[in-house]
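Participant: So I've got this file, query.cif, and it contains mmCIF, C-alpha atoms:
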data_entry
#
loop_
_atom_site.label_atom_id
_atom_site.label_comp_id
_atom_site.auth_asym_id
_atom_site.auth_seq_id
_atom_site.Cartn_x
_atom_site.Cartn_y
_atom_site.Cartn_z
CA MET A 1 0.00 0.00 0.00
CA GLN A 2 1.33 3.42 -0.96
CA SER A 3 0.01 6.90 -1.46
CA ILE A 4 -0.44 8.15 -5.00
CA ARG A 5 2.34 10.64 -4.36
CA GLU A 6 4.73 7.84 -3.39
CA ILE A 7 3.71 5.70 -6.36
CA LEU A 8 4.40 8.55 -8.74
CA ARG A 9 7.67 9.42 -7.02
CA ASP A 10 9.01 5.87 -7.32
CA SER A 11 7.76 5.45 -10.87
CA THR A 12 9.28 8.75 -11.95
CA LYS A 13 12.68 7.51 -10.77
CA ARG A 14 12.27 4.33 -12.80
CA LEU A 15 11.47 6.25 -15.99
CA LYS A 16 14.12 8.95 -15.76
CA ASN A 17 16.44 7.19 -18.24
CA VAL A 18 13.83 6.60 -20.94
CA ALA A 19 11.41 9.54 -20.77
CA GLN A 20 11.90 13.24 -21.42
CA ASN A 21 9.25 13.99 -18.80
CA PRO A 22 9.20 10.94 -16.51
CA TYR A 23 6.74 12.40 -13.99
CA LYS A 24 4.22 13.22 -16.72
CA GLU A 25 4.51 9.74 -18.21
CA ALA A 26 4.13 8.09 -14.80
CA SER A 27 1.02 10.19 -14.19
CA LEU A 28 -0.45 9.29 -17.57
CA LEU A 29 0.15 5.59 -16.99
CA LEU A 30 -1.32 5.65 -13.49
CA SER A 31 -4.40 7.61 -14.53
CA PHE A 32 -4.84 5.19 -17.44
CA SER A 33 -4.80 2.23 -15.03
CA LEU A 34 -7.23 3.94 -12.66
CA HIS A 35 -9.53 5.16 -15.48
CA VAL A 36 -9.32 8.76 -14.29
CA GLU A 37 -8.04 12.02 -15.75
CA PRO A 38 -4.42 12.88 -14.82
CA ILE A 39 -5.58 16.02 -13.01
CA TRP A 40 -7.56 13.80 -10.60
CA LEU A 41 -4.29 12.47 -9.22
CA MET A 42 -3.28 15.95 -8.04
CA GLY A 43 -6.29 16.22 -5.75
CA HIS A 44 -5.85 12.70 -4.37
CA ASP A 45 -2.09 12.45 -3.94
CA GLU A 46 -2.44 11.42 -0.28
CA ASP A 47 -4.86 8.58 -1.05
CA ILE A 48 -3.50 5.17 -0.03
CA MET A 49 -3.97 2.31 -2.45
CA ASP A 50 -2.70 -1.00 -3.74
CA ILE A 51 -0.49 -0.41 -6.76
CA PRO A 52 -2.40 -1.61 -9.85
CA ALA A 53 -0.77 -4.67 -11.42
CA ASP A 54 -1.26 -3.37 -14.98
CA PHE A 55 0.39 -0.09 -14.00
CA LEU A 56 3.48 -1.91 -12.71
CA GLU A 57 3.60 -3.96 -15.91
CA ASN A 58 3.36 -0.82 -18.05
CA ILE A 59 6.10 0.91 -16.07
CA LYS A 60 8.31 -2.12 -16.65
CA ARG A 61 7.53 -2.12 -20.37
CA ARG A 62 8.20 1.62 -20.61
CA GLU A 63 11.54 1.09 -18.84
CA ASN A 64 12.35 -1.27 -21.70
CA HIS A 65 11.56 1.49 -24.24
CA CYS A 66 8.08 0.38 -25.26
CA PRO A 67 6.51 3.55 -26.72
CA LEU A 68 4.09 5.34 -24.42
CA GLU A 69 1.51 5.48 -27.22
CA TYR A 70 1.27 1.69 -27.31
CA LEU A 71 0.85 1.50 -23.53
CA LEU A 72 -1.92 4.10 -23.58
CA ASN A 73 -3.40 2.91 -26.90
CA SER A 74 -3.48 6.55 -27.89
CA ALA A 75 -1.66 8.95 -30.21
CA SER A 76 -2.38 12.54 -31.17
CA PHE A 77 -2.60 13.67 -34.79
CA TYR A 78 -4.06 16.96 -35.96
CA SER A 79 -4.95 17.52 -32.28
CA ARG A 80 -7.25 14.50 -32.40
CA ASP A 81 -6.96 11.24 -30.52
CA PHE A 82 -6.36 8.03 -32.45
CA TYR A 83 -6.25 4.45 -31.26
CA VAL A 84 -2.90 2.73 -31.80
CA ASP A 85 -1.31 -0.54 -30.81
CA ALA A 86 1.70 -2.58 -31.94
CA ARG A 87 -0.06 -3.56 -35.17
CA VAL A 88 0.51 -0.10 -36.67
CA LEU A 89 3.09 2.65 -36.89
CA ILE A 90 2.74 5.45 -34.36
CA PRO A 91 1.62 8.68 -36.09
CA ARG A 92 4.31 11.33 -36.45
CA PRO A 93 3.61 15.08 -36.35
CA GLU A 94 5.44 15.66 -39.65
CA THR A 95 2.84 13.58 -41.46
CA GLU A 96 0.42 16.45 -40.82
CA ILE A 97 2.42 18.33 -43.47
CA LEU A 98 1.62 15.60 -46.00
CA VAL A 99 -2.09 15.96 -45.25
CA ASP A 100 -1.81 19.74 -45.63
CA LYS A 101 -0.08 19.33 -49.00
CA VAL A 102 -2.83 17.04 -50.30
CA ILE A 103 -5.55 19.43 -49.15
CA SER A 104 -3.89 22.41 -50.84
CA THR A 105 -3.39 20.56 -54.14
CA CYS A 106 -6.94 19.23 -54.44
CA ARG A 107 -8.81 22.49 -53.88
CA ASP A 108 -9.57 22.90 -57.57
CA ILE A 109 -10.72 19.31 -58.09
CA ASP A 110 -14.45 18.77 -57.76
CA LYS A 111 -15.20 15.63 -55.75
CA PRO A 112 -11.61 14.31 -55.87
CA SER A 113 -10.97 10.59 -55.87
CA ILE A 114 -8.24 10.05 -53.26
CA VAL A 115 -6.45 6.74 -52.70
CA GLU A 116 -4.02 6.06 -49.87
CA ILE A 117 -1.49 3.25 -50.16
CA GLY A 118 -0.58 1.81 -46.75
CA VAL A 119 -3.34 3.18 -44.53
CA GLY A 120 -1.78 2.01 -41.25
CA SER A 121 -3.69 3.51 -38.33
CA GLY A 122 -5.85 5.47 -40.76
CA ILE A 123 -4.75 8.98 -39.82
CA ILE A 124 -4.24 10.29 -43.37
CA SER A 125 -7.41 8.91 -44.93
CA ILE A 126 -9.49 9.88 -41.91
CA MET A 127 -8.25 13.46 -41.85
CA LEU A 128 -8.71 13.82 -45.61
CA SER A 129 -12.26 12.45 -45.32
CA THR A 130 -12.87 14.99 -42.58
CA LEU A 131 -11.20 18.03 -44.13
CA VAL A 132 -12.16 17.37 -47.78
CA PRO A 133 -15.82 16.48 -47.24
CA ASN A 134 -16.62 16.08 -50.95
CA ALA A 135 -13.79 13.59 -51.51
CA LYS A 136 -14.16 9.91 -52.28
CA VAL A 137 -11.47 8.10 -50.27
CA ILE A 138 -10.12 4.59 -50.76
CA ALA A 139 -7.53 3.20 -48.33
CA THR A 140 -5.42 0.13 -49.04
CA ASP A 141 -3.03 -1.92 -46.98
CA ILE A 142 -1.37 -5.30 -47.32
CA SER A 143 -1.83 -5.86 -43.58
CA GLN A 144 -5.22 -6.98 -42.30
CA ASP A 145 -4.09 -5.93 -38.79
CA ALA A 146 -3.53 -2.37 -40.00
CA LEU A 147 -6.92 -2.29 -41.73
CA ASP A 148 -8.59 -3.44 -38.52
CA VAL A 149 -7.00 -0.59 -36.57
CA ALA A 150 -7.86 1.92 -39.30
CA ARG A 151 -11.50 0.86 -39.15
CA ILE A 152 -11.50 1.39 -35.36
CA ASN A 153 -10.29 4.95 -35.90
CA ALA A 154 -12.66 5.62 -38.80
CA LYS A 155 -15.56 4.68 -36.56
CA ARG A 156 -14.16 6.79 -33.70
CA HIS A 157 -14.07 9.83 -35.98
CA SER A 158 -17.42 9.11 -37.65
CA VAL A 159 -16.10 8.62 -41.19
CA GLU A 160 -16.44 4.84 -41.46
CA ASP A 161 -19.02 5.30 -44.23
CA LYS A 162 -16.80 7.70 -46.18
CA ILE A 163 -13.76 5.44 -46.62
CA LYS A 164 -13.55 2.24 -48.64
CA PHE A 165 -10.95 -0.11 -47.13
CA ILE A 166 -9.26 -2.68 -49.38
CA LYS A 167 -6.72 -5.35 -48.45
CA CYS A 168 -4.25 -5.48 -51.31
CA ASN A 169 -0.71 -4.76 -52.38
CA LEU A 170 -0.30 -1.19 -53.62
CA LEU A 171 -3.25 -0.60 -56.05
CA ASP A 172 -3.99 -4.21 -56.99
CA GLY A 173 -7.54 -4.01 -55.64
CA VAL A 174 -8.34 -0.49 -56.82
CA TYR A 175 -10.08 -0.16 -60.18
CA GLU A 176 -11.52 3.34 -59.91
CA LYS A 177 -10.05 6.42 -61.55
CA ILE A 178 -7.59 8.13 -59.18
CA ASP A 179 -7.15 11.89 -58.94
CA ILE A 180 -4.82 11.92 -55.94
CA LEU A 181 -2.57 9.14 -54.67
CA VAL A 182 -1.08 9.63 -51.21
CA SER A 183 1.24 7.45 -49.18
CA ASN A 184 3.56 7.43 -46.20
CA PRO A 185 5.20 4.15 -47.16
CA PRO A 186 7.98 2.15 -45.52
CA TYR A 187 11.25 3.80 -46.59
CA ILE A 188 13.95 2.62 -44.17
CA LYS A 189 16.66 0.40 -45.66
CA LYS A 190 16.75 -3.17 -44.43
CA ASP A 191 20.01 -3.09 -42.44
CA GLU A 192 19.58 0.34 -40.81
CA VAL A 193 20.04 0.32 -37.03
CA LEU A 194 16.93 1.67 -35.31
CA ASP A 195 16.34 3.38 -31.98
CA LYS A 196 15.15 1.01 -29.25
CA ASN A 197 11.60 2.38 -29.28
CA LEU A 198 11.29 1.74 -33.04
CA SER A 199 11.96 -1.95 -32.45
CA TYR A 200 8.40 -2.19 -31.09
CA GLU A 201 6.84 -0.89 -34.29
CA PRO A 202 5.88 -3.28 -37.13
CA ASP A 203 8.68 -4.05 -39.60
CA LEU A 204 6.14 -4.06 -42.43
CA ALA A 205 5.50 -0.36 -41.81
CA LEU A 206 9.16 0.61 -41.50
CA PHE A 207 11.41 -1.21 -43.96
CA GLY A 208 11.12 -0.39 -47.65
CA GLY A 209 13.63 -2.92 -48.99
CA GLU A 210 17.36 -3.44 -49.29
CA LYS A 211 17.96 0.21 -50.20
CA GLY A 212 14.81 1.59 -48.55
CA ASP A 213 13.35 3.35 -51.59
CA GLU A 214 12.04 0.31 -53.45
CA ILE A 215 8.40 0.73 -52.42
CA LEU A 216 8.52 4.46 -53.13
CA LYS A 217 9.66 3.72 -56.68
CA LYS A 218 6.89 1.14 -57.13
CA ILE A 219 4.35 3.74 -56.00
CA ILE A 220 5.72 6.21 -58.56
CA ASP A 221 5.43 3.55 -61.26
CA GLU A 222 1.84 2.83 -60.23
CA ALA A 223 0.92 6.52 -60.23
CA ILE A 224 2.25 6.99 -63.75
CA ARG A 225 0.70 3.75 -65.04
CA ARG A 226 -2.70 4.75 -63.65
CA GLU A 227 -2.36 8.35 -64.91
CA VAL A 228 -2.80 9.84 -61.45
CA LYS A 229 -3.03 13.63 -61.44
CA ILE A 230 -1.30 14.19 -58.11
CA LEU A 231 1.06 11.92 -56.16
CA ALA A 232 1.97 12.96 -52.60
CA CYS A 233 4.47 10.89 -50.63
CA GLU A 234 6.64 11.01 -47.57
CA MET A 235 10.21 9.79 -47.98
CA GLY A 236 13.44 9.30 -46.05
CA TYR A 237 15.65 12.25 -45.18
CA ASP A 238 18.34 11.05 -47.62
CA GLN A 239 16.16 10.02 -50.57
CA LYS A 240 15.57 13.31 -52.40
CA ASP A 241 18.31 12.79 -55.00
CA LYS A 242 17.31 9.16 -55.52
CA ILE A 243 13.72 10.15 -56.26
CA LYS A 244 14.86 13.00 -58.52
CA ASN A 245 17.03 10.63 -60.54
CA TYR A 246 14.31 7.98 -60.74
CA LEU A 247 11.84 10.50 -62.14
CA LYS A 248 14.24 11.45 -64.94
CA GLN A 249 13.31 8.28 -66.85
CA TYR A 250 9.77 9.67 -67.04
CA SER A 251 10.99 13.21 -67.78
CA LEU A 252 9.18 14.40 -64.66
CA ASN A 253 10.10 16.74 -61.82
CA ALA A 254 8.64 16.65 -58.33
CA LYS A 255 8.26 19.43 -55.80
CA PHE A 256 10.05 18.45 -52.61
CA TYR A 257 9.19 19.78 -49.17
CA GLN A 258 10.83 19.85 -45.76
CA ASP A 259 9.50 19.39 -42.25
CA LEU A 260 9.69 22.06 -39.54
CA SER A 261 13.25 20.94 -38.69
CA GLY A 262 14.42 21.62 -42.23
CA ILE A 263 14.73 17.91 -43.09
CA ASP A 264 13.69 16.69 -46.54
CA ARG A 265 10.43 14.91 -45.81
CA GLY A 266 8.38 14.32 -48.96
CA PHE A 267 7.42 15.28 -52.50
CA ILE A 268 4.46 16.22 -54.67
CA LEU A 269 4.30 15.05 -58.27
CA GLU A 270 1.70 16.74 -60.48
CA SER A 271 0.89 15.48 -63.96
CA SER A 272 -1.31 16.86 -66.72
CA TYR A 273 -3.41 13.79 -67.46
#
Would you mind writing the file's structure down as structure tokens?

Facilitator:
Amino acid sequence: MQSIREILRDSTKRLKNVAQNPYKEASLLLSFSLHVEPIWLMGHDEDIMDIPADFLENIKRRENHCPLEYLLNSASFYSRDFYVDARVLIPRPETEILVDKVISTCRDIDKPSIVEIGVGSGIISIMLSTLVPNAKVIATDISQDALDVARINAKRHSVEDKIKFIKCNLLDGVYEKIDILVSNPPYIKKDEVLDKNLSYEPDLALFGGEKGDEILKKIIDEAIRREVKILACEMGYDQKDKIKNYLKQYSLNAKFYQDLSGIDRGFILESSY
């Protein structure tokens, strides 16, 4: 038996080597176990209680670098809450830029047909369905696990009837005309050493092949074969020149963009089909 203050004090010490804000993370994990808001803990810090078993297990997992988002089954994107677990990649803030780019490029298209390759947790398709209300959105993924998570989030954000989910590789199951193709595909090379927290995320969502850019190139090929008007993709920080050179065979030039840290993050390819 310990007070909430003592539980948080001891847990904060355990997380100091893995968390930027160990007290905040300990508070989030304890409130999650108790099914209360974190602010509730502040008014009950003298309460004596048995330490919840699931809380101790989550502290142990966090000590071993398991991402907090997986422990809380929650990640923020566009200031909205999305369900996540180890079946999908954790949303990154820089992917919001990709969504912004798609929105800005489809303003002049009436009822755009948007297809996402590799839906993952569903964040891109869901936000596009929300922010481009007249769009028709199709989301594909080779992973049934990812599609299951994406459907959870589509229902949570009330767009489950606005997105067509298809289990397939790339565009194999998509037969409709495509105005905009968007993807945040796997683009890490096979032998790259990852941070410890990334080891918990699914390999299928991280590794793009021996060199890392293989799937990106396949997506470009698909976009050109299907005469897609706009292709918007994220890419690796070191893949700008590779994509530029690959596009030369098609006599095409992409517009590349950076994230808020000045790192090359993605590209937009517009065609006149």

Participant: CA of Glu94 (chain A) to CA of Leu68 (chain A): how many Å, to one decimal?

Facilitator: 18.4 Å

Participant: Starting from the displayed file, determine the output of the PyMOL selection byres ((chain A and resi 253) around 10) and express the residue list as a list in words.

Facilitator: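 Residues picked by the PyMOL selection byres ((chain A and resi 253) around 10): Ile243, Lys244, Asn245, Tyr246, Leu247, Lys248, Tyr250, Ser251, Leu252, Ala254, Lys255, Phe256, Phe267, Ile268, Leu269, Glu270 and Ser271 of chain A.
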
Participant: Residues picked by the PyMOL selection byres ((chain A and resi 62) around 10) here, as JSON, numbers by chain?

Facilitator: {"A": [14, 15, 18, 19, 25, 26, 29, 56, 57, 58, 59, 60, 61, 63, 64, 65, 66, 67, 68, 70, 71, 197]}

Participant: Fewer than 6 positions away in the same chain doesn't count, so skip those; otherwise give me all residues within 12 Å of Ile51 (chain A), counting all atoms listed in the file, as a ChimeraX atom specification.

Facilitator: /A:1-8,10-11,29-31,33-34,57-59

Participant: Nearest to Gln239 (chain A) among A:Tyr200, A:Tyr187, A:Tyr83, A:Tyr78, with distances taken over only C-alpha atoms: which residue is it?

Facilitator: A:Tyr187

Participant: Written as a list in words, which residues does the PyMOL selection byres ((chain A and resi 84) around 6) give for the file shown?

Facilitator: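 Expected selection for the PyMOL selection byres ((chain A and resi 84) around 6) here is Asn73, Ser74, Tyr83 and Asp85 of chain A.
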
Participant: Please, what distance in Å, to one decimal, runs between CA of Leu204 (chain A) and CA of Pro186 (chain A)?

Facilitator: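 Distance reported for this atom pair: 7.2 Å.
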
Participant: Using all atoms listed in the file, what does the table of region 44-154 of chain A residues within 12 Å of region 178-184 of chain A look like, with each row giving the shortest atom pair and its distance in Å to one decimal, sorted by chain and ascending number, as a tab-separated table?

Facilitator:
residue	atom	partner	partner_atom	distance
A:Leu89	CA	A:Asn184	CA	10.5
A:Pro91	CA	A:Asn184	CA	10.4
A:Arg92	CA	A:Asn184	CA	10.5
A:Glu94	CA	A:Asn184	CA	10.7
A:Thr95	CA	A:Asn184	CA	7.8
A:Glu96	CA	A:Asn184	CA	11.0
A:Ile97	CA	A:Asn184	CA	11.3
A:Leu98	CA	A:Val182	CA	8.4
A:Val99	CA	A:Val182	CA	8.8
A:Asp100	CA	A:Val182	CA	11.6
A:Lys101	CA	A:Val182	CA	10.0
A:Val102	CA	A:Val182	CA	7.7
A:Ile103	CA	A:Ile180	CA	10.2
A:Ser104	CA	A:Ile180	CA	11.7
A:Thr105	CA	A:Ile180	CA	8.9
A:Cys106	CA	A:Ile180	CA	7.8
A:Arg107	CA	A:Ile180	CA	11.5
A:Asp108	CA	A:Asp179	CA	11.4
A:Ile109	CA	A:Asp179	CA	8.3
A:Asp110	CA	A:Asp179	CA	10.1
A:Lys111	CA	A:Asp179	CA	9.4
A:Pro112	CA	A:Asp179	CA	5.9
A:Ser113	CA	A:Asp179	CA	5.1
A:Ile114	CA	A:Ile180	CA	4.7
A:Val115	CA	A:Leu181	CA	5.0
A:Glu116	CA	A:Val182	CA	4.8
A:Ile117	CA	A:Ser183	CA	5.1
A:Gly118	CA	A:Ser183	CA	6.4
A:Val119	CA	A:Ser183	CA	7.8
A:Gly120	CA	A:Asn184	CA	9.1
A:Ser121	CA	A:Asn184	CA	11.4
A:Gly122	CA	A:Asn184	CA	11.0
A:Ile123	CA	A:Asn184	CA	10.6
A:Ile124	CA	A:Ser183	CA	8.5
A:Ser125	CA	A:Val182	CA	8.9
A:Leu128	CA	A:Val182	CA	10.4
A:Ala135	CA	A:Asp179	CA	10.1
A:Lys136	CA	A:Ile178	CA	9.7
A:Val137	CA	A:Ile180	CA	9.5
A:Ile138	CA	A:Ile178	CA	9.5
A:Ala139	CA	A:Val182	CA	9.6
A:Thr140	CA	A:Ser183	CA	9.9
A:Asp141	CA	A:Ser183	CA	10.5

Participant: Between A:Met127, A:Val174, A:Val36, A:Leu216, which one has atoms that come closest to Gly236 (chain A), using all atoms listed in the file?

Facilitator: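 Of A:Met127, A:Val174, A:Val36, A:Leu216, the one nearest Gly236 (chain A) is A:Leu216, counting all atoms listed in the file.
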
Participant: Can you tell me, as a ChimeraX atom specification, which residues sit within 12 Å of (-16.2, 2.4, -42.4) in the file's frame, using all atoms listed in the file?

Facilitator: /A:122,125-126,129,137-139,147-166
